[in-house]
Amino acid sequence: MKDARTEVWTKCAALAVTILLCAQVVEAHIQKGEAAGFWSGVRHPISGLDHVLAMIAVGLWGAQLGAPAIWLLPVAFPMVMALGGMMGLMGIPLPGTEIGIAASAILLGSAVMFESRPRLLIAASLVGFFAIFHGYAHGTELPPGQSGLLYGIGFVIATGCLHGVGIAIGLIHRWRWGQKVVRLAGAGVAVAGLLFLWMALK
Amino acid sequence: MTRARRIKRGIGLTFVVLVLIGMMPTRVEAHLNSTGMGPVYDGLLHFLMSPEDLIPVFALALFAGLRGAAYGRRALFVLPSAWFLGGLAGLASTGNGNSLLTTMSFLLLGGLVAADAQISLRATTAIAAMLGLAHGYLNGTGMGQPGVGALALLGLVFIVFVLVALCAAFVMRLRRPWTRVAVRVMGSWIVASGLLLLGWNLRGKF
């Protein structure tokens with residue numbers, strides 16, 4: 001059984017190396033800003049620590065809450081976030097965006113730190129409410145001249161992957177030491193949120 | 001020599017022969033004029049490079065895979081056929097791309113995947129047919145000359161068939177609950193992208 005698995009992995013590795021060795025066309029000059037739009041979108045959520053910490057906190061909290069929250073939050077969050085992004089793209093004003101983002105880090109970090117277990121509807125509503133602020137910030141910061149569709153796809157994928165990272169880290173919650181580490185991570189997010197709030201109010 | 005060693009030696013020899021064949025210089029068909037395959041590849045690559053067509057097809061394949069083999073088979077044959085018919089109709093007329101249609105495709109199909117909606121086979125067939133006809137028509141209107149356009153359409157329909165077959169078959173084999181949830185998360189990403197596209201289209205209209 002173990003040999004068979006090793007053989008499969010060896011074959012996969014050989015295939016991956018072969019693919020990497022294939023000569024590709026060099027796309028040095030991206031046309032119409034399409035790939036640029038996608039990569040701008042991917043980079044946007046991971047270039048700001050406020051977004052990264054809040055998204056990871058969502059994943060950590062989902063892992064703490066367990067099923068069905070662990071999968072409901074990552075399914076619901078991108079859709080609600082996109083509503084905020086839509087408002088940003090359309091130019092609808094949303095006051096206090098930066099404060100909302102900072103508050104999301106404080107509250108989500110605190111929820112992880114105290115391992116609070118509200119009803120699923122309340123947890124989903126809280127996460128959804130803050131998702132609007134994060135989406136709005138992404139929507140308003142679309143660089144000019146780039147493809148809105150590819151930018152949107154890029155930042156949705158990046159956000160989803162950040163949730164995945166949070167959930168993956170949160171899986172250590174099954175061990176006692178892991179529970180402490182996750183709560184400590186939540187405390188770190190909350191403290192960072194306070195710093196973001198101070199910067200937003202300054 | 002044992003049987004196992006003979007087999008190993010045979011595989012080794014075959015590998016060496018294949019590598020030698022692979023290293024033989026052949027004629028470079030850089031411009032595809034001589035083979036006549038150019039428009040076919042154009043159509044194929046056009047689809048792969050157009051997220052507005054690619055993602056709804058991907059979403060339908062995911063949905064059909066989640067629902068089971070009967071749905072997968074139906075989507076596999078109905079979607080490419082409808083796409084081809086729509087494309088032929090589009091070749092015979094002129095028009096412009098409609099981004100609202102793309103938005104609706106993203107929202108509807110992504111929503112079905114995210115909700116793991118249990119709709120009938122007949123409804124799925126209707127959705128596949130509508131998707132194929134509408135997107136095929138839009139592709140057809142942008143393809144220019146009917147002769148070349150029809151070849152491009154063939155390439156496009158071929159890749160739609162392959163994509164639906166691969167994706168639906170892959171999703172159908174998923175049994176563990178978390179893998180199906182991962183597919184639904186992808187559906188939510190498609191809905192989110194559709195909402196953002198809607199915002200992009202409505203930009204500056206308020």
# chains A, B, ... in the order shown; residues from 1 in each chain; ligands from 1
$ select_by_dssp --residues "stretch 3-200 of chain A" --states "alpha helix (DSSP H)" --output "ChimeraX atom specification"
/A:3-21,34-47,49-65,69-90,97-113,120-140,148-170,176-200
$ write_last_selection --atoms "C-alpha atoms" --output "short mmCIF file (atom, residue, chain, number, x, y, z; two decimals), in the first residue's frame"
data_model
loop_
_atom_site.label_atom_id
_atom_site.label_comp_id
_atom_site.auth_asym_id
_atom_site.auth_seq_id
_atom_site.Cartn_x
_atom_site.Cartn_y
_atom_site.Cartn_z
CA ASP A 3 4.83 1.38 -2.04
CA ALA A 4 1.87 2.07 -4.32
CA ARG A 5 1.42 5.51 -2.75
CA THR A 6 5.12 6.28 -3.13
CA GLU A 7 4.92 5.24 -6.79
CA VAL A 8 1.97 7.56 -7.40
CA TRP A 9 3.82 10.47 -5.76
CA THR A 10 6.94 9.73 -7.82
CA LYS A 11 4.90 9.71 -11.03
CA CYS A 12 3.19 12.99 -10.06
CA ALA A 13 6.56 14.58 -9.28
CA ALA A 14 8.00 13.37 -12.61
CA LEU A 15 4.98 14.78 -14.46
CA ALA A 16 5.28 18.12 -12.64
CA VAL A 17 8.99 18.37 -13.48
CA THR A 18 8.27 17.52 -17.14
CA ILE A 19 5.59 20.22 -17.32
CA LEU A 20 7.91 22.77 -15.71
CA LEU A 21 10.62 21.93 -18.25
CA GLU A 34 -6.05 41.63 -18.39
CA ALA A 35 -3.44 39.62 -16.53
CA ALA A 36 -2.52 42.79 -14.66
CA GLY A 37 -6.14 43.05 -13.55
CA PHE A 38 -6.10 39.50 -12.22
CA TRP A 39 -2.78 39.83 -10.41
CA SER A 40 -3.75 43.22 -8.97
CA GLY A 41 -6.85 41.53 -7.60
CA VAL A 42 -4.86 38.64 -6.14
CA ARG A 43 -2.31 40.96 -4.57
CA HIS A 44 -4.80 43.41 -3.09
CA PRO A 45 -6.12 41.34 -0.14
CA ILE A 46 -2.67 39.95 0.70
CA SER A 47 -0.88 43.28 0.49
CA LEU A 49 -2.18 43.28 6.89
CA ASP A 50 -5.65 44.42 8.03
CA HIS A 51 -7.32 42.26 5.36
CA VAL A 52 -4.98 39.31 5.91
CA LEU A 53 -5.52 39.18 9.68
CA ALA A 54 -9.30 39.57 9.46
CA MET A 55 -9.60 36.84 6.80
CA ILE A 56 -7.43 34.45 8.77
CA ALA A 57 -9.46 35.22 11.89
CA VAL A 58 -12.63 34.21 9.99
CA GLY A 59 -10.99 30.88 9.15
CA LEU A 60 -9.77 30.37 12.74
CA TRP A 61 -13.19 31.13 14.16
CA GLY A 62 -14.83 28.77 11.68
CA ALA A 63 -12.41 26.03 12.76
CA GLN A 64 -13.19 26.71 16.44
CA LEU A 65 -16.95 26.65 15.85
CA ALA A 69 -19.89 27.10 10.60
CA ILE A 70 -16.52 25.91 9.27
CA TRP A 71 -17.99 25.67 5.79
CA LEU A 72 -20.85 28.16 6.03
CA LEU A 73 -18.61 31.13 6.80
CA PRO A 74 -16.24 30.63 3.82
CA VAL A 75 -19.26 30.09 1.49
CA ALA A 76 -21.15 33.16 2.77
CA PHE A 77 -18.25 35.55 3.22
CA PRO A 78 -17.17 35.99 -0.45
CA MET A 79 -20.74 36.63 -1.58
CA VAL A 80 -21.39 39.30 1.05
CA MET A 81 -17.93 40.77 0.49
CA ALA A 82 -18.73 41.03 -3.21
CA LEU A 83 -21.81 43.10 -2.34
CA GLY A 84 -19.49 45.56 -0.62
CA GLY A 85 -17.13 45.39 -3.60
CA MET A 86 -20.05 46.10 -5.91
CA MET A 87 -20.93 49.20 -3.87
CA GLY A 88 -17.31 50.32 -4.10
CA LEU A 89 -17.16 49.78 -7.87
CA MET A 90 -20.45 51.63 -8.35
CA THR A 97 -14.60 51.93 5.88
CA GLU A 98 -11.19 51.85 7.57
CA ILE A 99 -12.80 51.96 11.02
CA GLY A 100 -15.06 49.06 10.01
CA ILE A 101 -12.07 47.03 8.84
CA ALA A 102 -10.19 47.73 12.07
CA ALA A 103 -13.30 46.84 14.12
CA SER A 104 -13.56 43.57 12.20
CA ALA A 105 -10.04 42.61 13.29
CA ILE A 106 -10.81 43.56 16.92
CA LEU A 107 -14.12 41.71 17.13
CA LEU A 108 -13.18 38.64 15.11
CA GLY A 109 -9.85 38.40 16.96
CA SER A 110 -11.69 38.70 20.28
CA ALA A 111 -14.19 36.04 19.23
CA VAL A 112 -11.29 33.68 18.53
CA MET A 113 -9.46 34.69 21.70
CA LEU A 120 -24.76 30.31 13.82
CA LEU A 121 -27.01 33.08 12.49
CA ILE A 122 -25.34 35.65 14.74
CA ALA A 123 -21.83 34.47 13.80
CA ALA A 124 -22.68 34.53 10.08
CA SER A 125 -24.30 37.99 10.40
CA LEU A 126 -21.28 39.40 12.24
CA VAL A 127 -18.86 38.03 9.65
CA GLY A 128 -21.13 39.17 6.79
CA PHE A 129 -21.43 42.68 8.21
CA PHE A 130 -17.66 43.14 8.29
CA ALA A 131 -17.26 41.47 4.90
CA ILE A 132 -19.04 44.48 3.38
CA PHE A 133 -16.29 46.85 4.60
CA HIS A 134 -13.50 44.64 3.30
CA GLY A 135 -15.23 44.22 -0.08
CA TYR A 136 -15.91 47.94 -0.32
CA ALA A 137 -12.24 48.74 0.21
CA HIS A 138 -11.28 46.28 -2.56
CA GLY A 139 -13.91 47.70 -4.90
CA THR A 140 -12.87 51.32 -4.52
CA GLY A 148 -12.96 44.65 -13.52
CA LEU A 149 -13.88 41.01 -14.05
CA LEU A 150 -10.34 39.67 -13.71
CA TYR A 151 -9.60 41.99 -10.78
CA GLY A 152 -12.76 40.71 -9.06
CA ILE A 153 -11.90 37.06 -9.71
CA GLY A 154 -8.38 37.68 -8.40
CA PHE A 155 -9.40 39.23 -5.12
CA VAL A 156 -12.19 36.72 -4.50
CA ILE A 157 -9.73 33.84 -4.98
CA ALA A 158 -7.10 35.48 -2.76
CA THR A 159 -9.66 36.13 -0.01
CA GLY A 160 -10.90 32.55 -0.22
CA CYS A 161 -7.34 31.24 0.03
CA LEU A 162 -6.76 33.38 3.13
CA HIS A 163 -9.83 31.77 4.72
CA GLY A 164 -8.36 28.42 3.76
CA VAL A 165 -5.10 29.33 5.51
CA GLY A 166 -7.07 30.32 8.63
CA ILE A 167 -9.05 27.07 8.60
CA ALA A 168 -5.88 25.04 8.04
CA ILE A 169 -4.18 26.74 11.00
CA GLY A 170 -7.36 26.33 13.03
CA ARG A 176 -5.14 21.08 23.81
CA TRP A 177 -1.95 22.97 23.01
CA GLY A 178 -3.48 23.89 19.64
CA GLN A 179 -6.50 25.45 21.33
CA LYS A 180 -4.18 27.72 23.30
CA VAL A 181 -2.19 28.65 20.17
CA VAL A 182 -5.38 29.49 18.24
CA ARG A 183 -6.65 31.66 21.09
CA LEU A 184 -3.28 33.36 21.27
CA ALA A 185 -3.45 34.03 17.52
CA GLY A 186 -6.91 35.55 18.07
CA ALA A 187 -5.46 37.83 20.73
CA GLY A 188 -2.75 38.89 18.26
CA VAL A 189 -5.37 39.75 15.64
CA ALA A 190 -7.38 41.78 18.19
CA VAL A 191 -4.30 43.74 19.28
CA ALA A 192 -3.40 44.43 15.65
CA GLY A 193 -7.00 45.57 15.14
CA LEU A 194 -6.58 48.12 17.93
CA LEU A 195 -3.49 49.41 16.16
CA PHE A 196 -5.41 49.67 12.85
CA LEU A 197 -8.20 51.54 14.65
CA TRP A 198 -5.75 53.98 16.14
CA MET A 199 -4.24 54.57 12.68
CA ALA A 200 -7.71 55.02 11.13
#
$ interface_residues --of "chain B" --to "chain A" --cutoff "9 Å" --atoms "only C-alpha atoms" --output "number ranges by chain"
B: 51-52, 114, 178, 181-182, 184-206
$ write_last_selection --atoms "C-alpha atoms" --output "PDB file, in the first residue's frame"
ATOM      1  CA  PRO B  51     -13.202  34.066 -18.387  1.00  0.00           C
ATOM      2  CA  GLU B  52     -16.663  35.362 -19.286  1.00  0.00           C
ATOM      3  CA  ALA B 114     -23.019  27.313  -3.845  1.00  0.00           C
ATOM      4  CA  TRP B 178     -15.371  18.469   2.816  1.00  0.00           C
ATOM      5  CA  VAL B 181     -18.039  21.772   0.424  1.00  0.00           C
ATOM      6  CA  ALA B 182     -14.902  22.914  -1.420  1.00  0.00           C
ATOM      7  CA  ARG B 184     -19.642  24.790  -3.138  1.00  0.00           C
ATOM      8  CA  VAL B 185     -17.091  27.352  -1.972  1.00  0.00           C
ATOM      9  CA  MET B 186     -15.971  27.634  -5.603  1.00  0.00           C
ATOM     10  CA  GLY B 187     -19.608  28.311  -6.502  1.00  0.00           C
ATOM     11  CA  SER B 188     -19.713  31.136  -3.965  1.00  0.00           C
ATOM     12  CA  TRP B 189     -16.557  32.588  -5.522  1.00  0.00           C
ATOM     13  CA  ILE B 190     -18.286  32.542  -8.923  1.00  0.00           C
ATOM     14  CA  VAL B 191     -21.337  34.348  -7.494  1.00  0.00           C
ATOM     15  CA  ALA B 192     -19.006  36.890  -5.855  1.00  0.00           C
ATOM     16  CA  SER B 193     -17.232  37.473  -9.170  1.00  0.00           C
ATOM     17  CA  GLY B 194     -20.638  37.926 -10.850  1.00  0.00           C
ATOM     18  CA  LEU B 195     -21.684  40.534  -8.292  1.00  0.00           C
ATOM     19  CA  LEU B 196     -18.426  42.404  -8.822  1.00  0.00           C
ATOM     20  CA  LEU B 197     -18.910  42.254 -12.574  1.00  0.00           C
ATOM     21  CA  LEU B 198     -22.388  43.716 -12.065  1.00  0.00           C
ATOM     22  CA  GLY B 199     -20.864  46.553 -10.037  1.00  0.00           C
ATOM     23  CA  TRP B 200     -18.255  47.053 -12.736  1.00  0.00           C
ATOM     24  CA  ASN B 201     -20.974  47.298 -15.416  1.00  0.00           C
ATOM     25  CA  LEU B 202     -23.042  49.718 -13.372  1.00  0.00           C
ATOM     26  CA  ARG B 203     -20.020  51.871 -12.603  1.00  0.00           C
ATOM     27  CA  GLY B 204     -20.737  55.558 -13.075  1.00  0.00           C
ATOM     28  CA  LYS B 205     -24.460  55.036 -13.684  1.00  0.00           C
ATOM     29  CA  PHE B 206     -25.493  56.254 -10.234  1.00  0.00           C
TER      30      PHE B 206
END
$ residues_around --residues "B:Phe106" --least-positions-apart "2" --cutoff "7 Å" --atoms "only C-alpha atoms" --output "mmCIF file with C-alpha atoms, in the first residue's frame"
data_model
loop_
_atom_site.group_PDB
_atom_site.id
_atom_site.type_symbol
_atom_site.label_atom_id
_atom_site.label_comp_id
_atom_site.auth_asym_id
_atom_site.auth_seq_id
_atom_site.Cartn_x
_atom_site.Cartn_y
_atom_site.Cartn_z
ATOM 1 C CA PRO B 56 -20.025 29.738 -16.563
ATOM 2 C CA THR B 102 -22.229 37.045 -18.517
ATOM 3 C CA THR B 103 -23.208 38.503 -15.145
ATOM 4 C CA MET B 104 -26.455 36.551 -15.114
ATOM 5 C CA LEU B 108 -27.268 31.794 -11.684
ATOM 6 C CA LEU B 109 -24.767 28.974 -12.129
ATOM 7 C CA GLY B 110 -22.522 30.007 -9.223
ATOM 8 C CA ILE B 190 -18.286 32.542 -8.923
ATOM 9 C CA VAL B 191 -21.337 34.348 -7.494
ATOM 10 C CA GLY B 194 -20.638 37.926 -10.850
#
$ atom_distance --atom1 "atom CA of B:Phe47" --atom2 "atom CA of B:Val183"
22.1 Å
$ atom_distance --atom1 "atom CA of B:Thr179" --atom2 "atom CA of B:Arg73"
21.2 Å
$ atom_distance --atom1 "atom CA of B:Ala152" --atom2 "atom CA of B:Tyr41"
7.0 Å
$ closest_residue --among "B:Val19, B:Ile127, B:Ala59, B:Leu66" --to "B:Pro177" --atoms "only C-alpha atoms"
B:Leu66
$ residues_around --residues "stretch 123-125 of chain B" --least-positions-apart "6" --cutoff "8 Å" --atoms "only C-alpha atoms" --output "ChimeraX atom specification"
/B:71,74-75,78
$ write_last_selection --atoms "N, CA and C atoms" --output "PDB file, in the first residue's frame"
ATOM      1  N   TYR B  71     -26.987  13.964 -14.729  1.00  0.00           N
ATOM      2  CA  TYR B  71     -26.877  15.401 -14.986  1.00  0.00           C
ATOM      3  C   TYR B  71     -25.597  15.696 -15.774  1.00  0.00           C
ATOM      4  N   ARG B  74     -26.041  14.708 -19.373  1.00  0.00           N
ATOM      5  CA  ARG B  74     -26.944  15.630 -20.077  1.00  0.00           C
ATOM      6  C   ARG B  74     -26.203  16.935 -20.422  1.00  0.00           C
ATOM      7  N   ALA B  75     -25.486  17.465 -19.434  1.00  0.00           N
ATOM      8  CA  ALA B  75     -24.737  18.718 -19.679  1.00  0.00           C
ATOM      9  C   ALA B  75     -23.657  18.503 -20.733  1.00  0.00           C
ATOM     10  N   VAL B  78     -25.684  18.364 -24.181  1.00  0.00           N
ATOM     11  CA  VAL B  78     -26.582  19.488 -24.508  1.00  0.00           C
ATOM     12  C   VAL B  78     -25.800  20.800 -24.662  1.00  0.00           C
TER      13      VAL B  78
END
$ closest_residue --among "B:Gly65, B:Arg180, B:Ala129, B:Leu48" --to "B:Val160" --atoms "only C-alpha atoms"
B:Leu48
$ closest_residue --among "B:Ala64, B:Leu76, B:Ala134, B:Val162" --to "B:Gln118" --atoms "only C-alpha atoms"
B:Ala64
$ residues_around --residues "B:Gly147" --least-positions-apart "5" --cutoff "12 Å" --atoms "only C-alpha atoms" --output "PyMOL selection string"
chain B and resi 36+39-40+88+91-92+140+152-154
